[in-house]
Amino acid sequence: MADNKKMVNAITAMDVDFAQWYTDVVKKAELADYSCVRGCMVVRPYGTALWENIRNELDARFKELGHENVMMPMFIPESLLQKEKDHVEGFAPEVAWVTHGGVDELQERMCVRPTSETLFCDHYANIIHSYRDLPKLYNQWCSVVRWEKTTRPFLRTMEFFWQEGHTMHETAEEALAETEQMLNVYADFCEQKLAIPVVKGRKTDKEKFAGAEATYTIEAMMHDGKALQSGTSHFFGDGFSRAFNVQFTGRDNTLQYPFETSWGMSTRIIGAIIMTHGDDNGLVMPPAVAPTQVVVVPVAQHKEGVLDKAAEVTERIKKIARVKMDSSDNSPGWKFAEYEMKGVPLRLELGPRDIENNQCVIVRRDNREKTIVSLDELETKIPELLQAVHDGLYQKALARRESMTYTVTTFDELKETADNKPGLIRAMWCGDLACELKLKEEAGVTSRCMPFEQEQLAETCVCCGKPAHKMVYWGKAY
C-alpha cells in the first residue's frame, strides 16, 4: 500500500472515555475539524453532506405546511435588540458585539445574531397591516453566534448552523397550534428519518426560551444516558408584537397585535446522531440522511471483469440509493474498516465467485449481518435492507432509553439514582422554582421536560413533599 494512503485509526472505546470517543469519531470520520477560530468548527464535506440531507428533509416538510424561506441580516443594532427586555437579558452573556467598521468606531454597537426574533418582528411591522396578511409563515437557514465558554463540535460551538422559523398569526389559538405542529414535525423527523426516539413535552419556566410564554421540546437520550435537547418550538404570545409595534386591522376593524411563534433545529442534531447510534468502530448513519447509503467494494478487483461488474451494479443502485464505488488500491479490509468508521448503512461486496453465481454479499452496518443477494434482486433488496437498518437502530435506541429511565418518589431515591445510574429520572414536582434549583444543586439534574403524556407517579413532590402537579423528566444533559 502506498505510504501516503490514509490508514484507519482505532478510536477510544466508549466505556473508557465517552467524551474522547465522541471527539475521535467526529474527526476520524471526517465530519468536522477544529479551526483557528476559538470555539468554531470546520464542517468537512462529509459532515456538510449529512447536514444538507437533514436540511433537505426538513425543508420539504416545512414547505408542505406552507412555510417560505427568507434571509435576514446577520447584524442587529443594539437599540433594536433592547426593545424586548426579557429577550436581551436572556442572551446578554452570549452576544458577540461589533464595535468598529474598518478603523471607525460605530455610533451604535451591532450584535452578530444569536437568534432573529427582533429582526423578523422589525420586518413584520412593515409588512403586516390587515388580518388578510396573516398568517406569515417564514423560515430561514443560516448560522448564528453565541459566545460559549466551553465548546465541543456540533454539540456547542460559538457559531453553529440551523433553521429558525418565525411565524405570525391572527389568534393565540392559531399560534399555539403552529407551535405544537412544528414540535411534532421535529419529533416525526427524528423518529422516522434519524431513528432517534424522543420525549415530547414542555419546558419549565426556568428552562424556557428568553421572552417566550411557553417552550416545547423534544429530548433524546444518548449512549451515556445524558439527555440532548434536539429541537424546540416556542409560543411568544403577543409580547414581541407589542414591543415592536406589529399591528394589524382585525376582522372587527380594530387594531390588534398578532401572536408569534419561533422554532428551530440546529447542527447539534448531528451530535445526537453520533451519540445515539455510534459504536466503538465509529459512526452508524441512519439511512435516510446518510451521505452514502451503499458502498460497493470490489473484491480481488485486479481480476478480469470485477471492476466492470462493480461499476454496472453501482449504476443500477444509483436509481434507488446514494451509492459510491471504492475502486482505490487500498485492501478490502482497509475499505471495510473505513466505511464502518463513516457509518455507511450497507456495504456491498462483489468478487469473482460472486459474479459467477450472479450474487453479492450485503453487510448491514448496524449489526454486521451478512445477506447473500441475487444481482437480479438488488432493486427490491436494497430498499428492504435500508429500512431494516433504520428499524434496527430505532428499536435499539428505544430499548436503551427504556432500560435507562427510572421512576422515583423520594428525594433520597432521586439523588441515589442520579449519582449511580446514568439515564432519565421520572418524578413528580410541585411546580416551585426552589425545588427545581435544589434538585440541580444537590442531585446534579435539571428538568428536561414536562411530558405531554402525564402520569401521576405519586401525590407529593419528590423534593419538598407538597402536593405535586406535574410529572417531570429529570436528568443530566449536554
# chains A, B, ... in the order shown; residues from 1 in each chain; ligands from 1
call {"tool": "select_by_dssp", "arguments": {"residues": "range 12-131 of chain A", "states": "strand (DSSP E)", "output": "list in words"}}
result
Ala32, Asp33, Tyr34, Met41, Val42, Val43, Glu68, Asn69, Phe75, Ile76, Pro77, Ala96, Trp97, Val98, Thr99, His100, Gly101, Asp104, Glu105, Leu106, Gln107, Glu108, Arg109, Met110, Cys111 and Val112 of chain A
call {"tool": "write_last_selection", "arguments": {"atoms": "C-alpha atoms", "output": "short mmCIF file (atom, residue, chain, number, x, y, z; two decimals), in the first residue's frame"}}
result
data_model
loop_
_atom_site.label_atom_id
_atom_site.label_comp_id
_atom_site.auth_asym_id
_atom_site.auth_seq_id
_atom_site.Cartn_x
_atom_site.Cartn_y
_atom_site.Cartn_z
CA ALA A 32 -15.60 18.24 11.20
CA ASP A 33 -12.26 19.61 12.33
CA TYR A 34 -11.14 22.30 14.72
CA MET A 41 -15.51 24.26 13.66
CA VAL A 42 -14.77 23.48 10.03
CA VAL A 43 -17.61 21.28 8.81
CA GLU A 68 -41.47 30.12 2.93
CA ASN A 69 -37.72 30.67 3.23
CA PHE A 75 -26.26 42.09 12.34
CA ILE A 76 -28.76 43.50 14.84
CA PRO A 77 -28.48 47.14 16.07
CA ALA A 96 -20.88 38.97 20.23
CA TRP A 97 -20.66 42.72 19.54
CA VAL A 98 -19.32 44.59 16.51
CA THR A 99 -17.94 47.96 17.62
CA HIS A 100 -15.89 49.12 14.61
CA GLY A 101 -16.38 49.36 10.87
CA ASP A 104 -14.01 53.90 12.65
CA GLU A 105 -15.93 53.26 15.84
CA LEU A 106 -19.61 52.67 15.19
CA GLN A 107 -22.11 55.15 16.59
CA GLU A 108 -24.21 52.19 17.69
CA ARG A 109 -22.96 48.70 18.50
CA MET A 110 -24.33 45.83 16.47
CA CYS A 111 -24.56 42.26 17.67
CA VAL A 112 -23.96 39.23 15.50
#
call {"tool": "closest_atom_pairs", "arguments": {"of": "range 169-268 of chain A", "to": "range 392-410 of chain A", "cutoff": "8 Å", "atoms": "only C-alpha atoms", "output": "CSV"}}
result
residue,atom,partner,partner_atom,distance
A:Glu191,CA,A:Tyr394,CA,7.3
A:Ala195,CA,A:Tyr394,CA,4.4
A:Ile196,CA,A:Tyr394,CA,5.9
A:Pro197,CA,A:Leu398,CA,5.9
A:Met221,CA,A:Arg401,CA,6.3
A:His223,CA,A:Arg400,CA,7.9
A:Gly225,CA,A:Met404,CA,6.8
call {"tool": "atom_distance", "arguments": {"atom1": "CA of Thr115 in chain A", "atom2": "CA of Lys203 in chain A"}}
result
18.9 Å
call {"tool": "closest_residue", "arguments": {"among": "A:Val145, A:Ala60, A:Leu65, A:Val299", "to": "Gln181 in chain A", "atoms": "only C-alpha atoms"}}
result
A:Leu65
call {"tool": "select_by_dssp", "arguments": {"residues": "range 273-377 of chain A", "states": "alpha helix (DSSP H)", "output": "NGL selection string"}}
result
:A and (273-277 or 306-317 or 332-341 or 352-356)
call {"tool": "write_last_selection", "arguments": {"atoms": "C-alpha atoms", "output": "short mmCIF file (atom, residue, chain, number, x, y, z; two decimals), in the first residue's frame"}}
result
data_model
loop_
_atom_site.label_atom_id
_atom_site.label_comp_id
_atom_site.auth_asym_id
_atom_site.auth_seq_id
_atom_site.Cartn_x
_atom_site.Cartn_y
_atom_site.Cartn_z
CA ILE A 273 -26.93 11.03 15.60
CA ILE A 274 -23.34 10.29 16.62
CA MET A 275 -24.11 9.71 20.30
CA THR A 276 -27.34 7.76 19.78
CA HIS A 277 -26.21 5.31 17.11
CA VAL A 306 -14.65 -7.43 -11.43
CA LEU A 307 -14.39 -3.64 -11.76
CA ASP A 308 -16.65 -3.61 -14.80
CA LYS A 309 -19.34 -5.59 -13.00
CA ALA A 310 -18.99 -3.46 -9.86
CA ALA A 311 -19.43 -0.32 -11.96
CA GLU A 312 -22.50 -1.81 -13.62
CA VAL A 313 -24.02 -2.67 -10.24
CA THR A 314 -23.24 0.84 -8.96
CA GLU A 315 -25.05 2.45 -11.89
CA ARG A 316 -28.13 0.34 -11.16
CA ILE A 317 -28.11 1.24 -7.47
CA PRO A 332 -10.71 -4.74 1.01
CA GLY A 333 -10.10 -4.98 4.77
CA TRP A 334 -8.99 -1.36 4.89
CA LYS A 335 -12.09 -0.32 2.97
CA PHE A 336 -14.36 -2.32 5.26
CA ALA A 337 -12.93 -0.52 8.31
CA GLU A 338 -13.04 2.87 6.58
CA TYR A 339 -16.72 2.68 5.71
CA GLU A 340 -17.59 1.24 9.10
CA MET A 341 -15.91 4.33 10.58
CA PRO A 352 -15.15 -13.15 -8.95
CA ARG A 353 -17.02 -16.01 -7.26
CA ASP A 354 -20.00 -13.74 -6.58
CA ILE A 355 -20.09 -12.74 -10.23
CA GLU A 356 -20.01 -16.40 -11.29
#
call {"tool": "residues_around", "arguments": {"residues": "Lys200 in chain A", "least_positions_apart": "3", "cutoff": "7 Å", "atoms": "only C-alpha atoms", "output": "ChimeraX atom specification"}}
result
/A:217-219,451-452
call {"tool": "write_last_selection", "arguments": {"atoms": "C-alpha atoms", "output": "mmCIF file, in the first residue's frame"}}
result
data_model
loop_
_atom_site.group_PDB
_atom_site.id
_atom_site.type_symbol
_atom_site.label_atom_id
_atom_site.label_comp_id
_atom_site.auth_asym_id
_atom_site.auth_seq_id
_atom_site.Cartn_x
_atom_site.Cartn_y
_atom_site.Cartn_z
ATOM 1 C CA THR A 217 -39.004 20.483 23.396
ATOM 2 C CA ILE A 218 -38.037 17.069 22.128
ATOM 3 C CA GLU A 219 -35.481 15.305 24.340
ATOM 4 C CA PRO A 451 -44.026 15.339 29.004
ATOM 5 C CA PHE A 452 -47.329 15.705 27.212
#
call {"tool": "closest_residue", "arguments": {"among": "A:Ile382, A:Val144, A:Val445, A:Leu433", "to": "Val295 in chain A", "atoms": "only C-alpha atoms"}}
result
A:Ile382
call {"tool": "closest_residue", "arguments": {"among": "A:Glu30, A:Asp391, A:Glu164, A:Asp224", "to": "Lys421 in chain A", "atoms": "only C-alpha atoms"}}
result
A:Asp224
call {"tool": "closest_residue", "arguments": {"among": "A:Gln387, A:Asn420, A:Ser130, A:Gln456", "to": "Gln247 in chain A", "atoms": "only C-alpha atoms"}}
result
A:Ser130
call {"tool": "atom_distance", "arguments": {"atom1": "CA of Ala10 in chain A", "atom2": "CA of Tyr22 in chain A"}}
result
12.8 Å
call {"tool": "closest_residue", "arguments": {"among": "A:Ser374, A:Ser143, A:Thr267, A:Thr150", "to": "Val361 in chain A", "atoms": "only C-alpha atoms"}}
result
A:Ser374
call {"tool": "residues_around", "arguments": {"residues": "Thr446 in chain A", "least_positions_apart": "2", "cutoff": "6 Å", "atoms": "only C-alpha atoms", "output": "list in words"}}
result
Lys440, Trp474 and Gly475 of chain A
call {"tool": "write_last_selection", "arguments": {"atoms": "N, CA and C atoms", "output": "PDB file, in the first residue's frame"}}
result
ATOM      1  N   LYS A 440     -31.148  20.612  41.139  1.00  0.00           N
ATOM      2  CA  LYS A 440     -29.956  20.857  40.336  1.00  0.00           C
ATOM      3  C   LYS A 440     -28.718  20.945  41.217  1.00  0.00           C
ATOM      4  N   TRP A 474     -36.253  14.310  34.632  1.00  0.00           N
ATOM      5  CA  TRP A 474     -35.054  14.971  35.132  1.00  0.00           C
ATOM      6  C   TRP A 474     -33.836  14.214  34.610  1.00  0.00           C
ATOM      7  N   GLY A 475     -32.716  14.913  34.468  1.00  0.00           N
ATOM      8  CA  GLY A 475     -31.533  14.211  34.043  1.00  0.00           C
ATOM      9  C   GLY A 475     -30.354  15.161  33.841  1.00  0.00           C
TER      10      GLY A 475
END
call {"tool": "atom_distance", "arguments": {"atom1": "CA of Lys206 in chain A", "atom2": "CA of Asp412 in chain A"}}
result
23.1 Å
call {"tool": "residues_around", "arguments": {"residues": "range 468-470 of chain A", "least_positions_apart": "4", "cutoff": "6 Å", "atoms": "only C-alpha atoms", "output": "PyMOL selection string"}}
result
chain A and resi 428-430+459-461
call {"tool": "write_last_selection", "arguments": {"atoms": "C-alpha atoms", "output": "compact mmCIF listing (two decimals), in the first residue's frame"}}
result
# COMPACT_ATOMS: atom_id res chain seq x y z
CA MET A 428 -43.39 14.35 40.48
CA TRP A 429 -42.89 18.10 41.03
CA CYS A 430 -44.87 20.74 42.85
CA GLU A 459 -49.27 12.54 45.25
CA THR A 460 -46.36 14.63 46.54
CA CYS A 461 -43.35 16.48 45.13
call {"tool": "closest_residue", "arguments": {"among": "A:Val296, A:Leu414, A:Leu137, A:Ala220", "to": "Glu64 in chain A", "atoms": "only C-alpha atoms"}}
result
A:Leu137
call {"tool": "residues_around", "arguments": {"residues": "Lys63 in chain A", "least_positions_apart": "6", "cutoff": "12 Å", "atoms": "only C-alpha atoms", "output": "MDAnalysis selection string"}}
result
chainID A and resid 55:57 69 137:140 165 182 185
call {"tool": "residues_around", "arguments": {"residues": "Ala443 in chain A", "least_positions_apart": "3", "cutoff": "9 Å", "atoms": "only C-alpha atoms", "output": "PyMOL selection string"}}
result
chain A and resi 411+414-416+418-419+438-440+446
call {"tool": "decode", "arguments": {"residues": "range 193-226 of chain A", "atoms": "N, CA and C atoms", "output": "compact mmCIF listing (two decimals), in the first residue's frame"}}
result
# COMPACT_ATOMS: atom_id res chain seq x y z
N LYS A 193 -36.84 9.56 10.31
CA LYS A 193 -35.68 9.72 9.43
C LYS A 193 -34.35 9.50 10.13
N LEU A 194 -34.26 9.88 11.41
CA LEU A 194 -32.99 9.74 12.13
C LEU A 194 -32.96 8.53 13.04
N ALA A 195 -34.09 7.83 13.17
CA ALA A 195 -34.19 6.64 14.04
C ALA A 195 -33.85 6.97 15.49
N ILE A 196 -34.20 8.20 15.91
CA ILE A 196 -33.95 8.63 17.29
C ILE A 196 -35.29 8.79 18.01
N PRO A 197 -35.59 7.96 19.01
CA PRO A 197 -36.83 8.16 19.78
C PRO A 197 -36.69 9.39 20.67
N VAL A 198 -37.77 10.14 20.81
CA VAL A 198 -37.72 11.38 21.59
C VAL A 198 -38.91 11.45 22.55
N VAL A 199 -38.72 12.24 23.60
CA VAL A 199 -39.80 12.56 24.53
C VAL A 199 -40.25 13.98 24.22
N LYS A 200 -41.55 14.17 23.99
CA LYS A 200 -42.10 15.50 23.70
C LYS A 200 -42.69 16.08 24.98
N GLY A 201 -42.42 17.36 25.21
CA GLY A 201 -43.01 17.97 26.39
C GLY A 201 -42.75 19.47 26.44
N ARG A 202 -43.15 20.05 27.57
CA ARG A 202 -43.00 21.49 27.78
C ARG A 202 -41.88 21.75 28.77
N LYS A 203 -41.11 22.79 28.52
CA LYS A 203 -40.06 23.20 29.43
C LYS A 203 -40.67 23.91 30.65
N THR A 204 -40.00 23.83 31.78
CA THR A 204 -40.41 24.61 32.94
C THR A 204 -40.12 26.09 32.65
N ASP A 205 -40.69 26.97 33.46
CA ASP A 205 -40.45 28.40 33.26
C ASP A 205 -38.97 28.74 33.37
N LYS A 206 -38.27 28.04 34.24
CA LYS A 206 -36.83 28.29 34.40
C LYS A 206 -36.07 27.95 33.12
N GLU A 207 -36.49 26.93 32.41
CA GLU A 207 -35.74 26.44 31.26
C GLU A 207 -36.29 26.96 29.93
N LYS A 208 -37.37 27.73 29.94
CA LYS A 208 -37.95 28.16 28.67
C LYS A 208 -37.10 29.23 28.01
N PHE A 209 -37.34 29.45 26.73
CA PHE A 209 -36.61 30.41 25.91
C PHE A 209 -36.88 31.83 26.39
N ALA A 210 -35.84 32.67 26.36
CA ALA A 210 -35.98 34.06 26.82
C ALA A 210 -37.04 34.80 26.01
N GLY A 211 -38.04 35.33 26.70
CA GLY A 211 -39.10 36.09 26.04
C GLY A 211 -40.30 35.27 25.64
N ALA A 212 -40.24 33.94 25.82
CA ALA A 212 -41.35 33.08 25.42
C ALA A 212 -42.36 32.92 26.55
N GLU A 213 -43.62 32.71 26.17
CA GLU A 213 -44.63 32.33 27.16
C GLU A 213 -44.56 30.84 27.46
N ALA A 214 -44.21 30.06 26.43
CA ALA A 214 -44.09 28.61 26.60
C ALA A 214 -43.08 28.08 25.60
N THR A 215 -42.25 27.14 26.06
CA THR A 215 -41.29 26.47 25.19
C THR A 215 -41.56 24.97 25.23
N TYR A 216 -41.65 24.37 24.06
CA TYR A 216 -41.84 22.93 23.93
C TYR A 216 -40.56 22.32 23.36
N THR A 217 -40.28 21.09 23.75
CA THR A 217 -39.00 20.48 23.40
C THR A 217 -39.16 19.01 23.05
N ILE A 218 -38.20 18.51 22.27
CA ILE A 218 -38.04 17.07 22.13
C ILE A 218 -36.69 16.72 22.75
N GLU A 219 -36.69 15.72 23.63
CA GLU A 219 -35.48 15.31 24.34
C GLU A 219 -35.11 13.88 23.92
N ALA A 220 -33.85 13.70 23.55
CA ALA A 220 -33.35 12.39 23.17
C ALA A 220 -32.31 11.93 24.18
N MET A 221 -32.16 10.61 24.33
CA MET A 221 -31.15 10.08 25.23
C MET A 221 -29.96 9.55 24.44
N MET A 222 -28.77 9.93 24.90
CA MET A 222 -27.55 9.49 24.26
C MET A 222 -27.06 8.17 24.87
N HIS A 223 -26.03 7.59 24.26
CA HIS A 223 -25.47 6.31 24.71
C HIS A 223 -25.09 6.34 26.18
N ASP A 224 -24.59 7.49 26.65
CA ASP A 224 -24.10 7.57 28.03
C ASP A 224 -25.19 7.94 29.03
N GLY A 225 -26.44 7.99 28.57
CA GLY A 225 -27.56 8.27 29.46
C GLY A 225 -27.89 9.74 29.61
N LYS A 226 -27.08 10.62 29.03
CA LYS A 226 -27.38 12.05 29.12
C LYS A 226 -28.45 12.42 28.09
